[in-house]
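Q: My structure file query_17.pdb, PDB, C-alpha atoms, is below:
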ATOM      1  CA  MET V  29     -55.907   7.963  -8.229
ATOM      2  CA  LYS V  30     -53.332   7.461 -10.933
ATOM      3  CA  ARG V  31     -51.526  10.585  -9.804
ATOM      4  CA  ALA V  32     -51.367   9.341  -6.222
ATOM      5  CA  LEU V  33     -50.056   5.970  -7.409
ATOM      6  CA  VAL V  34     -47.292   7.613  -9.438
ATOM      7  CA  ILE V  35     -46.287   9.814  -6.502
ATOM      8  CA  SER V  36     -46.179   6.749  -4.215
ATOM      9  CA  LEU V  37     -43.949   4.813  -6.640
ATOM     10  CA  VAL V  38     -41.588   7.751  -7.008
ATOM     11  CA  ALA V  39     -41.420   8.113  -3.221
ATOM     12  CA  LEU V  40     -40.634   4.414  -2.753
ATOM     13  CA  ALA V  41     -37.921   4.553  -5.410
ATOM     14  CA  THR V  42     -36.389   7.585  -3.741
ATOM     15  CA  VAL V  43     -36.365   5.842  -0.342
ATOM     16  CA  HIS V  44     -34.773   2.740  -1.893
ATOM     17  CA  VAL V  45     -32.002   4.750  -3.554
ATOM     18  CA  ALA V  46     -31.360   6.697  -0.353
ATOM     19  CA  SER V  47     -31.161   3.468   1.665
ATOM     20  CA  ALA V  48     -28.648   1.998  -0.781
ATOM     21  CA  GLN V  49     -26.535   5.132  -0.541
ATOM     22  CA  ARG V  50     -26.537   4.848   3.263
ATOM     23  CA  GLY V  51     -24.826   1.386   3.096
ATOM     24  CA  THR V  52     -21.634   0.590   4.954
ATOM     25  CA  VAL V  53     -18.749   2.801   3.914
ATOM     26  CA  GLN V  54     -15.698   0.727   2.953
ATOM     27  CA  ASN V  55     -12.545   1.641   4.844
ATOM     28  CA  ARG V  56      -9.293   1.531   2.881
ATOM     29  CA  PRO V  57     -10.928   0.219  -0.324
ATOM     30  CA  TYR V  58      -7.640  -0.042  -2.250
ATOM     31  CA  THR V  59      -5.441  -1.601   0.423
ATOM     32  CA  ASP V  60      -5.658  -5.115  -1.088
ATOM     33  CA  LEU V  61      -4.579  -3.850  -4.498
ATOM     34  CA  ARG V  62      -1.031  -3.108  -3.345
ATOM     35  CA  PRO V  63       1.517  -5.522  -4.868
ATOM     36  CA  PHE V  64       3.484  -5.645  -1.597
ATOM     37  CA  HIS V  65       3.139  -4.311   1.941
ATOM     38  CA  PHE V  66       4.677  -4.640   5.424
ATOM     39  CA  GLY V  67       3.207  -5.152   8.867
ATOM     40  CA  ILE V  68       3.882  -6.262  12.428
ATOM     41  CA  LEU V  69       2.543  -9.194  14.422
ATOM     42  CA  VAL V  70       2.164 -10.073  18.090
ATOM     43  CA  GLY V  71       0.192 -12.550  20.143
ATOM     44  CA  PRO V  72       0.117 -15.473  22.598
ATOM     45  CA  HIS V  73       0.575 -19.148  21.872
ATOM     46  CA  ALA V  74       0.453 -22.476  23.697
ATOM     47  CA  GLN V  75       3.266 -25.026  23.390
ATOM     48  CA  ASP V  76       3.109 -28.787  23.707
ATOM     49  CA  VAL V  77       5.507 -31.645  23.018
ATOM     50  CA  GLU V  78       4.548 -35.264  22.379
ATOM     51  CA  LEU V  79       7.209 -37.511  23.947
ATOM     52  CA  THR V  80       7.829 -41.162  23.073
ATOM     53  CA  ASN V  81       9.119 -43.173  26.025
ATOM     54  CA  VAL V  82      11.640 -45.986  25.544
ATOM     55  CA  GLY V  83      10.061 -48.233  28.189
ATOM     56  CA  PRO V  84      12.136 -50.562  30.399
ATOM     57  CA  GLN V  85      15.856 -49.822  30.519
ATOM     58  CA  ILE V  86      18.783 -51.480  32.292
ATOM     59  CA  THR V  87      20.710 -49.250  34.715
ATOM     60  CA  ILE V  88      23.876 -49.902  36.706
ATOM     61  CA  ASN V  89      23.583 -49.243  40.439
ATOM     62  CA  ASP V  90      26.286 -47.755  42.645
ATOM     63  CA  ASP V  91      27.274 -51.223  43.873
ATOM     64  CA  GLY V  92      27.790 -52.452  40.296
ATOM     65  CA  THR V  93      24.603 -54.492  40.075
ATOM     66  CA  GLN V  94      22.074 -54.057  37.295
ATOM     67  CA  SER V  95      18.398 -53.292  37.627
ATOM     68  CA  GLU V  96      15.498 -52.663  35.305
ATOM     69  CA  ARG V  97      13.761 -49.305  35.536
ATOM     70  CA  VAL V  98      10.769 -47.806  33.792
ATOM     71  CA  ILE V  99      10.732 -44.009  33.636
ATOM     72  CA  THR V 100       7.972 -42.138  31.857
ATOM     73  CA  ALA V 101       8.053 -38.528  30.675
ATOM     74  CA  ASP V 102       5.156 -36.334  29.654
ATOM     75  CA  GLN V 103       4.172 -32.684  29.421
ATOM     76  CA  ASP V 104       1.388 -32.363  31.930
ATOM     77  CA  ARG V 105      -0.138 -29.131  30.578
ATOM     78  CA  TRP V 106      -0.177 -26.691  27.678
ATOM     79  CA  ASP V 107       2.220 -23.870  28.561
ATOM     80  CA  LEU V 108       1.587 -20.316  27.374
ATOM     81  CA  GLY V 109       4.147 -18.157  25.613
ATOM     82  CA  PHE V 110       4.193 -15.135  23.346
ATOM     83  CA  HIS V 111       5.622 -14.176  19.978
ATOM     84  CA  VAL V 112       6.431 -11.005  18.087
ATOM     85  CA  GLY V 113       7.648 -10.307  14.564
ATOM     86  CA  VAL V 114       7.192  -8.566  11.228
ATOM     87  CA  LEU V 115       5.662  -9.572   7.918
ATOM     88  CA  GLY V 116       5.893  -8.883   4.222
ATOM     89  CA  GLU V 117       2.998  -9.866   1.984
ATOM     90  CA  PHE V 118       2.868 -10.213  -1.799
ATOM     91  CA  ARG V 119      -0.371  -9.976  -3.788
ATOM     92  CA  LEU V 120      -0.461 -12.913  -6.212
ATOM     93  CA  THR V 121      -4.066 -12.633  -7.440
ATOM     94  CA  ASP V 122      -7.327 -11.182  -6.161
ATOM     95  CA  ASP V 123      -7.752 -14.275  -3.969
ATOM     96  CA  PHE V 124      -4.219 -15.457  -3.139
ATOM     97  CA  GLN V 125      -1.409 -13.811  -1.180
ATOM     98  CA  LEU V 126       2.081 -14.977  -0.241
ATOM     99  CA  ARG V 127       3.156 -13.975   3.270
ATOM    100  CA  ILE V 128       6.655 -14.150   4.779
ATOM    101  CA  ALA V 129       6.688 -13.555   8.537
ATOM    102  CA  PRO V 130       9.943 -13.718  10.579
ATOM    103  CA  ALA V 131       9.168 -13.923  14.312
ATOM    104  CA  LEU V 132      10.529 -14.862  17.741
ATOM    105  CA  TYR V 133       8.588 -17.404  19.835
ATOM    106  CA  PHE V 134       9.245 -17.372  23.593
ATOM    107  CA  GLY V 135       7.867 -20.358  25.474
ATOM    108  CA  ASN V 136       8.224 -23.123  28.014
ATOM    109  CA  ARG V 137       7.199 -26.763  28.375
ATOM    110  CA  HIS V 138       6.674 -28.321  31.802
ATOM    111  CA  ILE V 139       7.920 -31.937  31.703
ATOM    112  CA  VAL V 140       7.225 -34.492  34.452
ATOM    113  CA  PHE V 141       9.372 -37.640  34.810
ATOM    114  CA  ARG V 142       8.025 -40.533  36.864
ATOM    115  CA  ASP V 143      10.166 -43.400  38.107
ATOM    116  CA  MET V 144       7.726 -46.299  38.245
ATOM    117  CA  ARG V 145       9.607 -48.143  41.007
ATOM    118  CA  PRO V 146       7.329 -47.880  44.067
ATOM    119  CA  ARG V 147       8.790 -45.848  46.931
ATOM    120  CA  ALA V 148       5.752 -46.212  49.156
ATOM    121  CA  VAL V 149       2.169 -47.282  48.754
ATOM    122  CA  ASP V 150       0.715 -45.761  45.537
ATOM    123  CA  THR V 151       3.517 -43.195  45.214
ATOM    124  CA  PHE V 152       6.277 -42.852  42.649
ATOM    125  CA  ALA V 153       9.381 -40.692  42.440
ATOM    126  CA  GLU V 154       8.889 -37.609  40.281
ATOM    127  CA  ARG V 155      11.284 -35.134  38.752
ATOM    128  CA  ARG V 156      10.357 -32.031  36.803
ATOM    129  CA  GLN V 157      11.925 -29.913  34.087
ATOM    130  CA  ASN V 158      10.981 -26.586  32.565
ATOM    131  CA  LEU V 159      12.044 -27.013  28.957
ATOM    132  CA  LYS V 160      12.480 -23.394  27.895
ATOM    133  CA  THR V 161      12.594 -22.522  24.199
ATOM    134  CA  VAL V 162      13.259 -19.399  22.175
ATOM    135  CA  TYR V 163      12.507 -20.062  18.514
ATOM    136  CA  ALA V 164      13.559 -17.794  15.668
ATOM    137  CA  GLY V 165      11.262 -18.710  12.796
ATOM    138  CA  CYS V 166      10.347 -17.489   9.327
ATOM    139  CA  ALA V 167       6.891 -18.654   8.251
ATOM    140  CA  THR V 168       6.072 -18.795   4.545
ATOM    141  CA  ASP V 169       2.317 -19.037   4.011
ATOM    142  CA  ILE V 170      -0.181 -19.072   1.171
ATOM    143  CA  ILE V 171      -3.402 -17.199   2.003
ATOM    144  CA  PHE V 172      -6.695 -17.773   0.208
ATOM    145  CA  GLY V 173      -9.204 -15.034   0.955
ATOM    146  CA  ALA V 174     -12.932 -14.889   0.319
ATOM    147  CA  SER V 175     -14.526 -11.886  -1.355
ATOM    148  CA  ARG V 176     -14.536  -8.765   0.772
ATOM    149  CA  ARG V 177     -17.881  -7.976   2.380
ATOM    150  CA  ASP V 178     -18.184  -4.454   3.759
ATOM    151  CA  ASN V 179     -15.174  -4.140   6.104
ATOM    152  CA  HIS V 180     -14.227  -7.760   6.714
ATOM    153  CA  ARG V 181     -12.813 -10.633   4.693
ATOM    154  CA  PRO V 182     -12.333 -14.202   6.054
ATOM    155  CA  TYR V 183      -9.529 -16.409   4.791
ATOM    156  CA  ILE V 184      -7.706 -19.709   5.256
ATOM    157  CA  MET V 185      -3.941 -20.217   5.223
ATOM    158  CA  ALA V 186      -1.283 -22.948   5.152
ATOM    159  CA  GLY V 187       2.494 -23.016   4.977
ATOM    160  CA  LEU V 188       5.835 -24.053   6.440
ATOM    161  CA  ASN V 189       7.764 -22.500   9.299
ATOM    162  CA  PRO V 190      11.460 -23.469   9.734
ATOM    163  CA  VAL V 191      12.773 -22.495  13.174
ATOM    164  CA  ILE V 192      16.087 -22.274  15.021
ATOM    165  CA  ASN V 193      16.125 -23.098  18.734
ATOM    166  CA  LEU V 194      18.253 -20.401  20.415
ATOM    167  CA  THR V 195      18.123 -22.001  23.883
ATOM    168  CA  ASN V 196      21.204 -23.685  25.378
ATOM    169  CA  SER V 197      20.459 -26.521  27.821
ATOM    170  CA  LYS V 198      22.922 -27.403  30.564
ATOM    171  CA  ASN V 199      21.472 -29.127  33.620
ATOM    172  CA  ASP V 200      18.290 -30.415  32.012
ATOM    173  CA  TYR V 201      17.165 -34.012  31.619
ATOM    174  CA  ILE V 202      16.335 -33.706  27.919
ATOM    175  CA  ALA V 203      17.080 -31.100  25.254
ATOM    176  CA  LEU V 204      15.770 -30.230  21.807
ATOM    177  CA  ARG V 205      17.668 -30.023  18.551
ATOM    178  CA  ARG V 206      18.858 -26.729  17.152
ATOM    179  CA  TYR V 207      16.572 -26.900  14.078
ATOM    180  CA  ASP V 208      12.974 -27.901  13.483
ATOM    181  CA  LEU V 209      10.351 -27.543  10.758
ATOM    182  CA  PHE V 210       6.663 -26.882  11.415
ATOM    183  CA  LEU V 211       3.684 -27.411   9.149
ATOM    184  CA  GLU V 212       1.042 -24.785   9.897
ATOM    185  CA  ALA V 213      -2.581 -24.228   8.922
ATOM    186  CA  GLY V 214      -5.273 -21.930  10.198
ATOM    187  CA  VAL V 215      -8.055 -19.415   9.644
ATOM    188  CA  GLY V 216      -8.386 -15.682  10.110
ATOM    189  CA  CYS V 217     -10.295 -12.591   9.117
ATOM    190  CA  ASP V 218      -9.272  -9.166   7.809
ATOM    191  CA  PHE V 219     -10.955  -6.200   9.488
ATOM    192  CA  TYR V 220     -10.575  -2.957   7.560
ATOM    193  CA  LEU V 221     -10.363  -0.089  10.042
ATOM    194  CA  PRO V 222     -10.096   3.596   9.094
ATOM    195  CA  PHE V 223      -6.307   3.822   9.568
ATOM    196  CA  PHE V 224      -5.034   0.225   9.274
ATOM    197  CA  LYS V 225      -6.073  -3.374   8.649
ATOM    198  CA  LEU V 226      -6.362  -5.694  11.679
ATOM    199  CA  ARG V 227      -6.018  -9.421  11.062
ATOM    200  CA  PRO V 228      -6.674 -11.844  13.964
ATOM    201  CA  GLU V 229      -5.616 -15.379  13.059
ATOM    202  CA  ILE V 230      -5.498 -18.728  14.814
ATOM    203  CA  LYS V 231      -3.333 -21.538  13.476
ATOM    204  CA  PHE V 232      -2.003 -24.947  14.479
ATOM    205  CA  MET V 233       1.710 -25.721  14.097
ATOM    206  CA  TYR V 234       2.926 -29.334  14.008
ATOM    207  CA  GLY V 235       6.597 -30.333  14.002
ATOM    208  CA  LEU V 236       7.603 -32.532  11.067
ATOM    209  CA  THR V 237      10.882 -33.800  12.571
ATOM    210  CA  ASN V 238      12.064 -35.592  15.690
ATOM    211  CA  ALA V 239      13.052 -32.557  17.754
ATOM    212  CA  LEU V 240      14.848 -34.512  20.501
ATOM    213  CA  ASP V 241      18.628 -34.065  20.737
ATOM    214  CA  PRO V 242      19.962 -37.685  20.835
ATOM    215  CA  ASN V 243      23.464 -36.590  21.858
ATOM    216  CA  PHE V 244      22.394 -34.724  24.978
ATOM    217  CA  PRO V 245      22.625 -37.731  27.384
ATOM    218  CA  GLY V 246      26.339 -37.944  26.571
ATOM    219  CA  ARG V 247      26.806 -34.414  27.909
ATOM    220  CA  VAL V 248      25.033 -35.069  31.220
ATOM    221  CA  LYS V 249      27.568 -34.912  34.052
ATOM    222  CA  ASP V 250      25.369 -36.166  36.899
ATOM    223  CA  LYS V 251      25.081 -39.941  36.375
ATOM    224  CA  ASN V 252      21.914 -40.025  38.475
ATOM    225  CA  MET V 253      20.236 -38.017  35.709
ATOM    226  CA  LEU V 254      21.129 -40.486  32.946
ATOM    227  CA  PRO V 255      18.109 -42.822  33.345
ATOM    228  CA  TYR V 256      15.848 -39.789  32.973
ATOM    229  CA  ALA V 257      17.829 -38.383  30.032
ATOM    230  CA  LYS V 258      17.575 -41.754  28.247
ATOM    231  CA  ALA V 259      13.886 -42.277  29.023
ATOM    232  CA  VAL V 260      12.738 -40.546  25.790
ATOM    233  CA  ASN V 261      13.748 -41.259  22.204
ATOM    234  CA  LYS V 262      11.402 -38.955  20.268
ATOM    235  CA  ALA V 263       9.855 -35.510  20.695
ATOM    236  CA  GLN V 264       7.195 -34.036  18.385
ATOM    237  CA  CYS V 265       6.579 -30.334  19.017
ATOM    238  CA  LYS V 266       3.195 -28.650  18.599
ATOM    239  CA  MET V 267       1.840 -25.133  19.066
ATOM    240  CA  VAL V 268      -1.526 -23.408  18.923
ATOM    241  CA  VAL V 269      -0.896 -19.800  17.908
ATOM    242  CA  LEU V 270      -3.165 -16.749  18.128
ATOM    243  CA  THR V 271      -1.702 -13.828  16.187
ATOM    244  CA  PHE V 272      -2.792 -10.239  15.630
ATOM    245  CA  TYR V 273      -1.426  -8.700  12.446
ATOM    246  CA  PHE V 274      -1.377  -4.929  11.998
ATOM    247  CA  GLU V 275      -1.009  -3.944   8.350
TER     248      GLU V 275
END
So, in terms of structure tokens, how does the structure I just supplied come out?

A:
Amino acid sequence: MKRALVISLVALATVHVASAQRGTVQNRPYTDLRPFHFGILVGPHAQDVELTNVGPQITINDDGTQSERVITADQDRWDLGFHVGVLGEFRLTDDFQLRIAPALYFGNRHIVFRDMRPRAVDTFAERRQNLKTVYAGCATDIIFGASRRDNHRPYIMAGLNPVINLTNSKNDYIALRRYDLFLEAGVGCDFYLPFFKLRPEIKFMYGLTNALDPNFPGRVKDKNMLPYAKAVNKAQCKMVVLTFYFE
């Protein structure tokens, strides 16, 4: 009886040790110990702009008379774009990393202008503009990662992203400034694969400045466009960004 009990305990201990040894094998166990490494990034994003309308404005008609007009402007949908870039990441501590990620953001915003003077029953004059943007940005982010568990590691991030607008507007109703600054925050997860680390991340970017170019109405040649160009006095840019990092 005692002999059978001893054999059973030994067998259970052996099974337990064997099960522990058959745990998940960690891919690239030393990759997070590097003081610095490079990578590439790519992904889609959605752009939006929050416009502030000036309200009623006085316009001069062709016959020299004055009239009051109310023109509203709004982006009627989130427009999709894509971005691509590179990254360099510094290891600060076991939990914190500093990431610098230059990237190009290609996008578009669909703006609808509505002249509130009635043309017919329940109808208003509408004009539309595709506000195209090509941003060259360089995000600087602090990453706080949880402890690695098997082959994944979730994290949160926050940082600043100064951008340069490379788009030149000519026959548009409104235009954006050359420079803007975004505050960004998001979450992601590291997946340790056999040959590289994959990092999907979603973040929200919010513009900290008034991105509207106030001097653009003075460059509009078609005077019929002026009431629309002067209908907005503030533009706050926003983006929701899904990025895949390959490191």

Q: Taking all atoms listed in the file into account, which of V:Gly116, V:Pro245, V:Gly83, V:Gly235 comes nearest Ala263 (chain V)?

A: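 Going through V:Gly116, V:Pro245, V:Gly83, V:Gly235 one by one, the smallest distance to Ala263 (chain V) is for V:Gly235.
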
Q: One number please: CA of Asn261 (chain V) to CA of Thr195 (chain V), in Å, one decimal.

A: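 Answer for the CA of Asn261 (chain V) to CA of Thr195 (chain V) separation: 19.8 Å.
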
Q: Between CA of Leu69 (chain V) and CA of Leu159 (chain V), what is the distance in Å, rounded to a tenth?

A: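 CA of Leu159 (chain V) lies at a distance of 24.9 Å from CA of Leu69 (chain V).
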
Q: Using the chain letters and numbers from the file, which residues does the PyMOL selection byres ((chain V and resi 134) around 6) grab, as a VMD selection string?

A: chain V and resid 109 to 110 133 135 162

Q: With the PyMOL selection byres ((chain V and resi 248) around 12) as the selection, what would be picked from this file? Answer as JSON, numbers by chain, please.

A: {"V": [197, 198, 199, 200, 201, 202, 203, 242, 243, 244, 245, 246, 247, 249, 250, 251, 252, 253, 254, 255, 256, 257, 258]}
